[in-house]
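Text of target-v6.tsv (TSV, N, CA and C atoms) as supplied:
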chain	number	residue	atom	x	y	z
A	2	GLN	N	0.85	-1.19	0.00
A	2	GLN	CA	0.00	0.00	0.00
A	2	GLN	C	0.89	1.24	0.00
A	3	GLU	N	0.48	2.19	-0.80
A	3	GLU	CA	1.24	3.43	-0.87
A	3	GLU	C	0.52	4.50	-0.05
A	4	GLN	N	1.28	5.27	0.71
A	4	GLN	CA	0.72	6.35	1.50
A	4	GLN	C	1.23	7.67	0.95
A	5	LEU	N	0.34	8.62	0.85
A	5	LEU	CA	0.67	9.92	0.29
A	5	LEU	C	0.30	11.00	1.28
A	6	VAL	N	1.20	11.94	1.49
A	6	VAL	CA	0.96	13.03	2.43
A	6	VAL	C	1.30	14.34	1.75
A	7	GLU	N	0.28	15.18	1.57
A	7	GLU	CA	0.48	16.48	0.94
A	7	GLU	C	0.85	17.54	1.98
A	8	SER	N	1.55	18.55	1.54
A	8	SER	CA	1.88	19.70	2.37
A	8	SER	C	2.12	20.91	1.47
A	9	GLY	N	2.17	22.09	2.10
A	9	GLY	CA	2.48	23.30	1.35
A	9	GLY	C	1.31	24.19	1.04
A	10	GLY	N	0.11	23.74	1.37
A	10	GLY	CA	-1.05	24.59	1.13
A	10	GLY	C	-1.08	25.77	2.09
A	11	GLY	N	-1.99	26.70	1.82
A	11	GLY	CA	-2.12	27.85	2.68
A	11	GLY	C	-2.90	28.96	2.01
A	12	LEU	N	-2.78	30.14	2.59
A	12	LEU	CA	-3.47	31.34	2.10
A	12	LEU	C	-2.47	32.22	1.38
A	13	VAL	N	-2.83	32.65	0.18
A	13	VAL	CA	-1.94	33.51	-0.61
A	13	VAL	C	-2.79	34.52	-1.36
A	14	GLN	N	-2.22	35.67	-1.63
A	14	GLN	CA	-2.92	36.68	-2.40
A	14	GLN	C	-2.88	36.35	-3.89
A	15	ALA	N	-3.85	36.85	-4.60
A	15	ALA	CA	-3.88	36.67	-6.05
A	15	ALA	C	-2.58	37.18	-6.66
A	16	GLY	N	-2.07	36.40	-7.60
A	16	GLY	CA	-0.80	36.73	-8.22
A	16	GLY	C	0.40	36.09	-7.54
A	17	GLY	N	0.17	35.51	-6.39
A	17	GLY	CA	1.25	34.89	-5.63
A	17	GLY	C	1.52	33.47	-6.07
A	18	SER	N	2.41	32.81	-5.33
A	18	SER	CA	2.84	31.46	-5.65
A	18	SER	C	2.82	30.57	-4.42
A	19	LEU	N	2.66	29.30	-4.66
A	19	LEU	CA	2.78	28.27	-3.64
A	19	LEU	C	3.41	27.05	-4.28
A	20	ARG	N	4.10	26.27	-3.46
A	20	ARG	CA	4.59	24.98	-3.93
A	20	ARG	C	4.05	23.89	-3.03
A	21	LEU	N	3.31	22.98	-3.63
A	21	LEU	CA	2.78	21.83	-2.91
A	21	LEU	C	3.76	20.67	-3.03
A	22	SER	N	3.83	19.89	-1.97
A	22	SER	CA	4.65	18.68	-1.97
A	22	SER	C	3.79	17.49	-1.61
A	23	CYS	N	4.17	16.34	-2.12
A	23	CYS	CA	3.47	15.10	-1.80
A	23	CYS	C	4.54	14.05	-1.55
A	24	ALA	N	4.63	13.62	-0.31
A	24	ALA	CA	5.61	12.61	0.07
A	24	ALA	C	4.95	11.24	0.01
A	25	ALA	N	5.61	10.31	-0.68
A	25	ALA	CA	5.06	8.96	-0.85
A	25	ALA	C	5.89	7.95	-0.09
A	26	SER	N	5.21	6.96	0.46
A	26	SER	CA	5.89	5.86	1.14
A	26	SER	C	5.12	4.57	0.87
A	27	GLY	N	5.79	3.46	1.02
A	27	GLY	CA	5.13	2.19	0.79
A	27	GLY	C	5.66	1.55	-0.47
A	28	ARG	N	4.79	1.31	-1.45
A	28	ARG	CA	5.18	0.68	-2.70
A	28	ARG	C	6.20	1.55	-3.44
A	29	PRO	N	6.96	0.95	-4.36
A	29	PRO	CA	7.98	1.71	-5.08
A	29	PRO	C	7.42	2.95	-5.77
A	30	PHE	N	7.85	4.08	-5.31
A	30	PHE	CA	7.39	5.35	-5.86
A	30	PHE	C	7.84	5.54	-7.29
A	31	SER	N	9.03	5.08	-7.61
A	31	SER	CA	9.62	5.34	-8.92
A	31	SER	C	8.86	4.67	-10.05
A	32	SER	N	7.99	3.71	-9.76
A	32	SER	CA	7.23	3.05	-10.80
A	32	SER	C	5.79	3.55	-10.87
A	33	SER	N	5.49	4.62	-10.17
A	33	SER	CA	4.14	5.18	-10.15
A	33	SER	C	4.05	6.47	-10.95
A	34	ALA	N	3.00	6.56	-11.75
A	34	ALA	CA	2.66	7.87	-12.29
A	34	ALA	C	1.97	8.65	-11.17
A	35	MET	N	2.16	9.95	-11.14
A	35	MET	CA	1.61	10.77	-10.06
A	35	MET	C	0.74	11.88	-10.64
A	36	GLY	N	-0.28	12.25	-9.89
A	36	GLY	CA	-1.16	13.31	-10.35
A	36	GLY	C	-1.56	14.23	-9.23
A	37	TRP	N	-1.95	15.43	-9.61
A	37	TRP	CA	-2.56	16.39	-8.70
A	37	TRP	C	-3.97	16.69	-9.20
A	38	PHE	N	-4.89	16.69	-8.27
A	38	PHE	CA	-6.28	17.02	-8.55
A	38	PHE	C	-6.73	18.05	-7.53
A	39	ARG	N	-7.86	18.69	-7.79
A	39	ARG	CA	-8.39	19.64	-6.82
A	39	ARG	C	-9.91	19.56	-6.79
A	40	GLN	N	-10.45	20.01	-5.67
A	40	GLN	CA	-11.89	19.91	-5.48
A	40	GLN	C	-12.38	21.06	-4.63
A	41	THR	N	-13.51	21.63	-5.05
A	41	THR	CA	-14.19	22.66	-4.27
A	41	THR	C	-15.54	22.11	-3.84
A	42	PRO	N	-16.12	22.65	-2.78
A	42	PRO	CA	-17.40	22.12	-2.26
A	42	PRO	C	-18.49	22.08	-3.33
A	43	GLY	N	-19.15	20.95	-3.43
A	43	GLY	CA	-20.24	20.79	-4.36
A	43	GLY	C	-19.84	20.47	-5.78
A	44	LYS	N	-18.53	20.36	-6.02
A	44	LYS	CA	-18.06	20.05	-7.37
A	44	LYS	C	-17.27	18.76	-7.37
A	45	GLU	N	-17.17	18.16	-8.55
A	45	GLU	CA	-16.38	16.95	-8.69
A	45	GLU	C	-14.89	17.28	-8.64
A	46	ARG	N	-14.14	16.29	-8.25
A	46	ARG	CA	-12.69	16.45	-8.22
A	46	ARG	C	-12.20	16.59	-9.67
A	47	GLU	N	-11.34	17.58	-9.89
A	47	GLU	CA	-10.89	17.84	-11.25
A	47	GLU	C	-9.38	17.69	-11.38
A	48	PHE	N	-8.99	17.30	-12.56
A	48	PHE	CA	-7.58	17.10	-12.87
A	48	PHE	C	-6.84	18.42	-12.93
A	49	VAL	N	-5.62	18.41	-12.40
A	49	VAL	CA	-4.76	19.59	-12.47
A	49	VAL	C	-3.50	19.30	-13.29
A	50	ALA	N	-2.75	18.28	-12.88
A	50	ALA	CA	-1.50	17.96	-13.56
A	50	ALA	C	-1.11	16.53	-13.24
A	51	ALA	N	-0.30	15.93	-14.11
A	51	ALA	CA	0.18	14.58	-13.88
A	51	ALA	C	1.55	14.41	-14.51
A	52	ILE	N	2.29	13.43	-13.98
A	52	ILE	CA	3.65	13.20	-14.45
A	52	ILE	C	3.90	11.70	-14.50
A	53	SER	N	4.64	11.25	-15.50
A	53	SER	CA	4.94	9.83	-15.65
A	53	SER	C	5.97	9.39	-14.62
A	54	ASP	N	6.19	8.08	-14.57
A	54	ASP	CA	7.10	7.54	-13.56
A	54	ASP	C	8.52	8.06	-13.71
A	55	ASN	N	8.95	8.26	-14.94
A	55	ASN	CA	10.31	8.72	-15.17
A	55	ASN	C	10.40	10.21	-15.45
A	56	ALA	N	9.28	10.93	-15.24
A	56	ALA	CA	9.19	12.37	-15.47
A	56	ALA	C	9.35	12.76	-16.93
A	57	GLY	N	9.27	11.77	-17.83
A	57	GLY	CA	9.42	12.09	-19.23
A	57	GLY	C	8.18	12.65	-19.88
A	58	SER	N	7.05	12.52	-19.22
A	58	SER	CA	5.78	12.98	-19.78
A	58	SER	C	4.98	13.70	-18.70
A	59	THR	N	4.42	14.85	-19.07
A	59	THR	CA	3.57	15.59	-18.15
A	59	THR	C	2.28	15.98	-18.86
A	60	LEU	N	1.24	16.14	-18.08
A	60	LEU	CA	-0.06	16.59	-18.58
A	60	LEU	C	-0.54	17.72	-17.68
A	61	TYR	N	-1.25	18.67	-18.28
A	61	TYR	CA	-1.80	19.79	-17.52
A	61	TYR	C	-3.23	20.08	-17.98
A	62	ALA	N	-4.04	20.50	-17.02
A	62	ALA	CA	-5.34	21.03	-17.37
A	62	ALA	C	-5.15	22.37	-18.07
A	63	ASP	N	-6.03	22.68	-18.99
A	63	ASP	CA	-5.91	23.94	-19.73
A	63	ASP	C	-5.92	25.15	-18.79
A	64	SER	N	-6.65	25.03	-17.70
A	64	SER	CA	-6.81	26.16	-16.79
A	64	SER	C	-5.53	26.51	-16.04
A	65	VAL	N	-4.57	25.58	-15.99
A	65	VAL	CA	-3.34	25.83	-15.24
A	65	VAL	C	-2.11	25.83	-16.13
A	66	LYS	N	-2.27	25.50	-17.38
A	66	LYS	CA	-1.14	25.42	-18.30
A	66	LYS	C	-0.43	26.77	-18.36
A	67	GLY	N	0.89	26.71	-18.23
A	67	GLY	CA	1.68	27.94	-18.25
A	67	GLY	C	1.85	28.59	-16.90
A	68	ARG	N	1.07	28.16	-15.91
A	68	ARG	CA	1.16	28.73	-14.55
A	68	ARG	C	1.66	27.70	-13.54
A	69	PHE	N	1.27	26.45	-13.72
A	69	PHE	CA	1.63	25.39	-12.78
A	69	PHE	C	2.67	24.48	-13.43
A	70	THR	N	3.55	23.93	-12.59
A	70	THR	CA	4.54	22.98	-13.05
A	70	THR	C	4.60	21.79	-12.10
A	71	ILE	N	4.46	20.61	-12.66
A	71	ILE	CA	4.58	19.40	-11.85
A	71	ILE	C	5.98	18.82	-12.05
A	72	SER	N	6.56	18.31	-10.97
A	72	SER	CA	7.88	17.70	-11.05
A	72	SER	C	7.96	16.62	-9.98
A	73	ARG	N	9.01	15.82	-10.06
A	73	ARG	CA	9.16	14.76	-9.07
A	73	ARG	C	10.63	14.51	-8.82
A	74	ASP	N	10.89	14.01	-7.63
A	74	ASP	CA	12.23	13.61	-7.24
A	74	ASP	C	12.10	12.23	-6.64
A	75	ASN	N	12.60	11.23	-7.34
A	75	ASN	CA	12.44	9.85	-6.89
A	75	ASN	C	13.38	9.45	-5.75
A	76	THR	N	14.29	10.33	-5.39
A	76	THR	CA	15.16	10.00	-4.29
A	76	THR	C	14.48	10.20	-2.94
A	77	PRO	N	13.85	11.37	-2.72
A	77	PRO	CA	13.07	11.43	-1.50
A	77	PRO	C	11.61	11.05	-1.71
A	78	ASN	N	11.29	10.43	-2.89
A	78	ASN	CA	9.92	9.99	-3.16
A	78	ASN	C	8.91	11.12	-3.00
A	79	THR	N	9.13	12.20	-3.71
A	79	THR	CA	8.28	13.36	-3.57
A	79	THR	C	7.88	13.91	-4.94
A	80	VAL	N	6.64	14.31	-5.04
A	80	VAL	CA	6.17	15.00	-6.24
A	80	VAL	C	5.75	16.40	-5.82
A	81	TYR	N	6.01	17.37	-6.70
A	81	TYR	CA	5.77	18.77	-6.40
A	81	TYR	C	4.78	19.38	-7.39
A	82	LEU	N	4.12	20.41	-6.94
A	82	LEU	CA	3.30	21.22	-7.83
A	82	LEU	C	3.63	22.68	-7.54
A	83	GLN	N	4.37	23.29	-8.44
A	83	GLN	CA	4.69	24.70	-8.32
A	83	GLN	C	3.56	25.49	-8.96
A	84	MET	N	2.94	26.37	-8.18
A	84	MET	CA	1.78	27.12	-8.65
A	84	MET	C	2.12	28.61	-8.64
A	85	ASN	N	2.11	29.22	-9.81
A	85	ASN	CA	2.41	30.63	-9.95
A	85	ASN	C	1.19	31.38	-10.48
A	86	SER	N	1.21	32.68	-10.34
A	86	SER	CA	0.13	33.53	-10.84
A	86	SER	C	-1.23	33.02	-10.39
A	87	LEU	N	-1.34	32.74	-9.12
A	87	LEU	CA	-2.58	32.16	-8.60
A	87	LEU	C	-3.73	33.16	-8.66
A	88	THR	N	-4.90	32.63	-8.88
A	88	THR	CA	-6.13	33.42	-8.91
A	88	THR	C	-7.12	32.83	-7.91
A	89	PRO	N	-8.15	33.59	-7.53
A	89	PRO	CA	-9.15	33.03	-6.60
A	89	PRO	C	-9.80	31.75	-7.13
A	90	GLU	N	-9.84	31.59	-8.45
A	90	GLU	CA	-10.43	30.38	-9.04
A	90	GLU	C	-9.58	29.14	-8.77
A	91	ASP	N	-8.36	29.31	-8.30
A	91	ASP	CA	-7.51	28.18	-7.95
A	91	ASP	C	-7.77	27.69	-6.52
A	92	THR	N	-8.60	28.40	-5.78
A	92	THR	CA	-8.92	27.99	-4.42
A	92	THR	C	-9.61	26.63	-4.41
A	93	ALA	N	-9.06	25.70	-3.65
A	93	ALA	CA	-9.59	24.34	-3.61
A	93	ALA	C	-8.77	23.52	-2.62
A	94	VAL	N	-9.25	22.31	-2.36
A	94	VAL	CA	-8.42	21.32	-1.68
A	94	VAL	C	-7.68	20.56	-2.77
A	95	TYR	N	-6.39	20.49	-2.65
A	95	TYR	CA	-5.54	19.83	-3.64
A	95	TYR	C	-5.14	18.45	-3.13
A	96	TYR	N	-5.32	17.46	-4.01
A	96	TYR	CA	-5.03	16.08	-3.67
A	96	TYR	C	-3.92	15.53	-4.56
A	97	CYS	N	-3.06	14.76	-3.95
A	97	CYS	CA	-2.03	14.02	-4.66
A	97	CYS	C	-2.53	12.59	-4.86
A	98	ALA	N	-2.17	11.99	-6.00
A	98	ALA	CA	-2.62	10.64	-6.28
A	98	ALA	C	-1.53	9.86	-6.98
A	99	ALA	N	-1.53	8.53	-6.75
A	99	ALA	CA	-0.55	7.65	-7.36
A	99	ALA	C	-1.24	6.61	-8.22
A	100	ARG	N	-0.66	6.38	-9.37
A	100	ARG	CA	-1.21	5.41	-10.31
A	100	ARG	C	-0.21	4.28	-10.49
A	101	MET	N	-0.61	3.08	-10.06
A	101	MET	CA	0.26	1.92	-10.16
A	101	MET	C	-0.04	1.23	-11.49
A	102	VAL	N	0.74	1.54	-12.49
A	102	VAL	CA	0.46	1.02	-13.82
A	102	VAL	C	1.78	0.73	-14.53
A	103	LEU	N	1.75	-0.31	-15.35
A	103	LEU	CA	2.94	-0.65	-16.12
A	103	LEU	C	3.34	0.53	-17.00
A	104	LEU	N	4.60	0.84	-17.01
A	104	LEU	CA	5.20	1.95	-17.76
A	104	LEU	C	4.90	3.32	-17.16
A	105	GLY	N	4.08	3.35	-16.11
A	105	GLY	CA	3.90	4.59	-15.35
A	105	GLY	C	3.35	5.76	-16.13
A	106	ALA	N	2.39	5.51	-17.03
A	106	ALA	CA	1.84	6.60	-17.83
A	106	ALA	C	0.91	7.47	-17.01
A	107	PRO	N	0.97	8.77	-17.17
A	107	PRO	CA	0.08	9.66	-16.43
A	107	PRO	C	-1.33	9.63	-17.00
A	108	SER	N	-2.27	10.06	-16.23
A	108	SER	CA	-3.67	10.08	-16.66
A	108	SER	C	-4.37	11.30	-16.09
A	109	THR	N	-5.40	11.76	-16.81
A	109	THR	CA	-6.21	12.88	-16.33
A	109	THR	C	-7.45	12.41	-15.58
A	110	LYS	N	-7.67	11.11	-15.50
A	110	LYS	CA	-8.89	10.55	-14.93
A	110	LYS	C	-8.71	10.09	-13.50
A	111	THR	N	-9.61	10.50	-12.62
A	111	THR	CA	-9.49	10.12	-11.21
A	111	THR	C	-9.55	8.61	-11.04
A	112	TYR	N	-10.36	7.94	-11.86
A	112	TYR	CA	-10.55	6.50	-11.67
A	112	TYR	C	-9.32	5.69	-12.04
A	113	ASN	N	-8.35	6.30	-12.67
A	113	ASN	CA	-7.11	5.59	-13.02
A	113	ASN	C	-6.08	5.62	-11.90
A	114	TYR	N	-6.38	6.31	-10.82
A	114	TYR	CA	-5.43	6.42	-9.72
A	114	TYR	C	-5.84	5.50	-8.57
A	115	ASP	N	-4.84	4.90	-7.96
A	115	ASP	CA	-5.07	3.86	-6.96
A	115	ASP	C	-4.98	4.36	-5.53
A	116	TYR	N	-4.18	5.37	-5.29
A	116	TYR	CA	-3.98	5.86	-3.93
A	116	TYR	C	-4.10	7.38	-3.93
A	117	TRP	N	-4.62	7.88	-2.81
A	117	TRP	CA	-4.87	9.31	-2.68
A	117	TRP	C	-4.38	9.81	-1.32
A	118	GLY	N	-3.92	11.05	-1.32
A	118	GLY	CA	-3.59	11.70	-0.07
A	118	GLY	C	-4.82	12.31	0.57
A	119	GLN	N	-4.62	12.94	1.70
A	119	GLN	CA	-5.74	13.49	2.46
A	119	GLN	C	-6.12	14.89	2.00
A	120	GLY	N	-5.27	15.50	1.21
A	120	GLY	CA	-5.56	16.82	0.67
A	120	GLY	C	-4.96	17.95	1.46
A	121	THR	N	-4.70	19.06	0.79
A	121	THR	CA	-4.21	20.26	1.44
A	121	THR	C	-4.95	21.46	0.86
A	122	GLN	N	-5.38	22.35	1.75
A	122	GLN	CA	-6.20	23.49	1.33
A	122	GLN	C	-5.34	24.60	0.75
A	123	VAL	N	-5.75	25.09	-0.40
A	123	VAL	CA	-5.14	26.28	-1.01
A	123	VAL	C	-6.22	27.34	-1.13
A	124	THR	N	-5.98	28.49	-0.56
A	124	THR	CA	-6.94	29.59	-0.62
A	124	THR	C	-6.25	30.82	-1.20
A	125	VAL	N	-6.82	31.35	-2.27
A	125	VAL	CA	-6.26	32.51	-2.93
A	125	VAL	C	-7.22	33.68	-2.74
A	126	SER	N	-6.76	34.72	-2.10
A	126	SER	CA	-7.60	35.88	-1.84
A	126	SER	C	-7.43	36.92	-2.94
A	127	SER	N	-8.51	37.64	-3.20
A	127	SER	CA	-8.47	38.64	-4.27
A	127	SER	C	-8.02	39.99	-3.75
Could you take the file, read its structure, and then write that structure out as structure tokens?
Amino acid sequence: QEQLVESGGGLVQAGGSLRLSCAASGRPFSSSAMGWFRQTPGKEREFVAAISDNAGSTLYADSVKGRFTISRDNTPNTVYLQMNSLTPEDTAVYYCAARMVLLGAPSTKTYNYDYWGQGTQVTVSS
């Protein structure tokens, strides 16, 4: 079983930046594709960004493309989400997820991920 723990959320003004971290433990992290999703009350969890097991492939939601960057470091088993130029529309609980799949391909679909973190709140004030 893989355990995921997010950190780095908080309150920031519009135009500011935050970096989220997700520390993984348990099953081999290096063979997992990783994703970030977010959710606001009353809405479905939505895709934000994903990265392949070897970091050779990344995916981004159109709403964050050019502002957010996903990266990973397989030595401390951590995936990051650098968020720049934040807007109030980015306010949400952000979740880290791991996909245990052969070749570690990233996915935009929540149902393709096997493990989830508890989430970290990001609030962007106007």
* To do: Would you mind reading off the distance between atom N of Val49 (chain A) and atom C of Asp115 (chain A), one decimal, in Å?
  =>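 Interatomic distance, atom N of Val49 (chain A) to atom C of Asp115 (chain A): 15.7 Å.
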- Item | Point-to-point distance from CA of Glu45 (chain A) to CA of Thr111 (chain A), Å rounded to tenths |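 A separation of 10.0 Å between them.
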Requested in this report: Measuring atom to atom with only N, CA and C atoms, identify which of A:Leu5, A:Leu104, A:Val125, A:Leu87 is nearest to Gly27 (chain A).
Outcome: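 Distance minimum relative to Gly27 (chain A) lands on A:Leu5.
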Edge lengths and centre in Å to one decimal, as lines of an AutoDock Vina configuration file, is what I'm after for the box along x, y and z that holds all listed atoms of region 74-79 of chain A once 4 Å is added on each side.
center_x = 11.5
center_y = 11.7
center_z = -4.6
size_x = 15.3
size_y = 12.6
size_z = 14.1
Proximity to Thr70 (chain A) - best of A:Ser108, A:Ser22, A:Thr41, A:Ser8, only C-alpha atoms =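 Going through A:Ser108, A:Ser22, A:Thr41, A:Ser8 one by one, the smallest distance to Thr70 (chain A) is for A:Ser22.
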Computed gap from atom N of Lys44 (chain A) to CA of Thr88 (chain A) is 18.2 Å
Practice item. Please report, as a ChimeraX atom specification, each residue of region 70-113 of chain A to which DSSP assigns helix (DSSP H, G or I) when run on this structure's backbone. Key: /A:89-91,103-105,111-113
Excluding Ser33 (chain A) and residues on its chain fewer than 4 positions from it, collect all residues at most 6.5 Å away from it, counting only N, CA and C atoms, and give them as a list in words.
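Listing them by chain and then by number gives Pro29, Ile52, Ser53, Asp54, Ala99, Arg100, Met101, Val102, Gly105 and Ala106 of chain A.
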What lies within 6.5 Å of Cys97 (chain A) using only N, CA and C atoms, ignoring chain neighbours under 2 positions off, as an mmCIF file with N, CA and C atoms, keeping the file's coordinate frame?
data_model
loop_
_atom_site.group_PDB
_atom_site.id
_atom_site.type_symbol
_atom_site.label_atom_id
_atom_site.label_comp_id
_atom_site.auth_asym_id
_atom_site.auth_seq_id
_atom_site.Cartn_x
_atom_site.Cartn_y
_atom_site.Cartn_z
ATOM 1 N N GLU A 7 0.280 15.180 1.570
ATOM 2 C CA GLU A 7 0.480 16.480 0.940
ATOM 3 C C GLU A 7 0.850 17.540 1.980
ATOM 4 N N CYS A 23 4.170 16.340 -2.120
ATOM 5 C CA CYS A 23 3.470 15.100 -1.800
ATOM 6 C C CYS A 23 4.540 14.050 -1.550
ATOM 7 N N GLY A 36 -0.280 12.250 -9.890
ATOM 8 C CA GLY A 36 -1.160 13.310 -10.350
ATOM 9 C C GLY A 36 -1.560 14.230 -9.230
ATOM 10 N N TRP A 37 -1.950 15.430 -9.610
ATOM 11 C CA TRP A 37 -2.560 16.390 -8.700
ATOM 12 C C TRP A 37 -3.970 16.690 -9.200
ATOM 13 N N PHE A 38 -4.890 16.690 -8.270
ATOM 14 C CA PHE A 38 -6.280 17.020 -8.550
ATOM 15 C C PHE A 38 -6.730 18.050 -7.530
ATOM 16 N N TYR A 95 -6.390 20.490 -2.650
ATOM 17 C CA TYR A 95 -5.540 19.830 -3.640
ATOM 18 C C TYR A 95 -5.140 18.450 -3.130
ATOM 19 N N ALA A 99 -1.530 8.530 -6.750
ATOM 20 C CA ALA A 99 -0.550 7.650 -7.360
ATOM 21 C C ALA A 99 -1.240 6.610 -8.220
ATOM 22 N N TYR A 116 -4.180 5.370 -5.290
ATOM 23 C CA TYR A 116 -3.980 5.860 -3.930
ATOM 24 C C TYR A 116 -4.100 7.380 -3.930
ATOM 25 N N TRP A 117 -4.620 7.880 -2.810
ATOM 26 C CA TRP A 117 -4.870 9.310 -2.680
ATOM 27 C C TRP A 117 -4.380 9.810 -1.320
ATOM 28 N N GLY A 118 -3.920 11.050 -1.320
ATOM 29 C CA GLY A 118 -3.590 11.700 -0.070
ATOM 30 C C GLY A 118 -4.820 12.310 0.570
ATOM 31 N N GLN A 119 -4.620 12.940 1.700
ATOM 32 C CA GLN A 119 -5.740 13.490 2.460
ATOM 33 C C GLN A 119 -6.120 14.890 2.000
ATOM 34 N N GLY A 120 -5.270 15.500 1.210
ATOM 35 C CA GLY A 120 -5.560 16.820 0.670
ATOM 36 C C GLY A 120 -4.960 17.950 1.460
#
- Query: Which of these, A:Val123, A:Val6, A:Val65, A:Ile71, has the shortest distance to Thr92 (chain A) once you count all atoms listed in the file?
  - Reply: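 Residue with the minimum atom-to-atom distance to Thr92 (chain A): A:Val123.
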Nearest candidate to Glu47 (chain A) (options A:Thr124, A:Ala62, A:Leu82, A:Gly9; using all atoms listed in the file)
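The shortest atom-to-atom distance to Glu47 (chain A) comes from A:Ala62.
A search radius of 6.5 Å centred on (1.5, 3.9, 1.8), applied to all atoms listed in the file, returns the residues A:Gln2, A:Glu3, A:Gln4, A:Leu5, A:Ala25, A:Ser26, A:Gly27, A:Arg28.
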Practice prompt. Counting only C-alpha atoms, figure out which residue out of A:Thr121, A:Val94, A:Asn113, A:Arg20 gets nearest to Arg46 (chain A).
Written response: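 Checking each of A:Thr121, A:Val94, A:Asn113, A:Arg20 against Arg46 (chain A), counting only C-alpha atoms, the winner is A:Val94.
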Of A:Gln14, A:Gln40, A:Thr59, A:Asn75, the one nearest to Pro89 (chain A) when counting only N, CA and C atoms is A:Gln14
* To do: Among the residues of region 17-109 of chain A, find those DSSP assigns to strand (DSSP E) from the backbone and print them as an NGL selection string.
  => :A and (19-26 or 33-40 or 47-52 or 59-61 or 69-74 or 79-84 or 93-101)
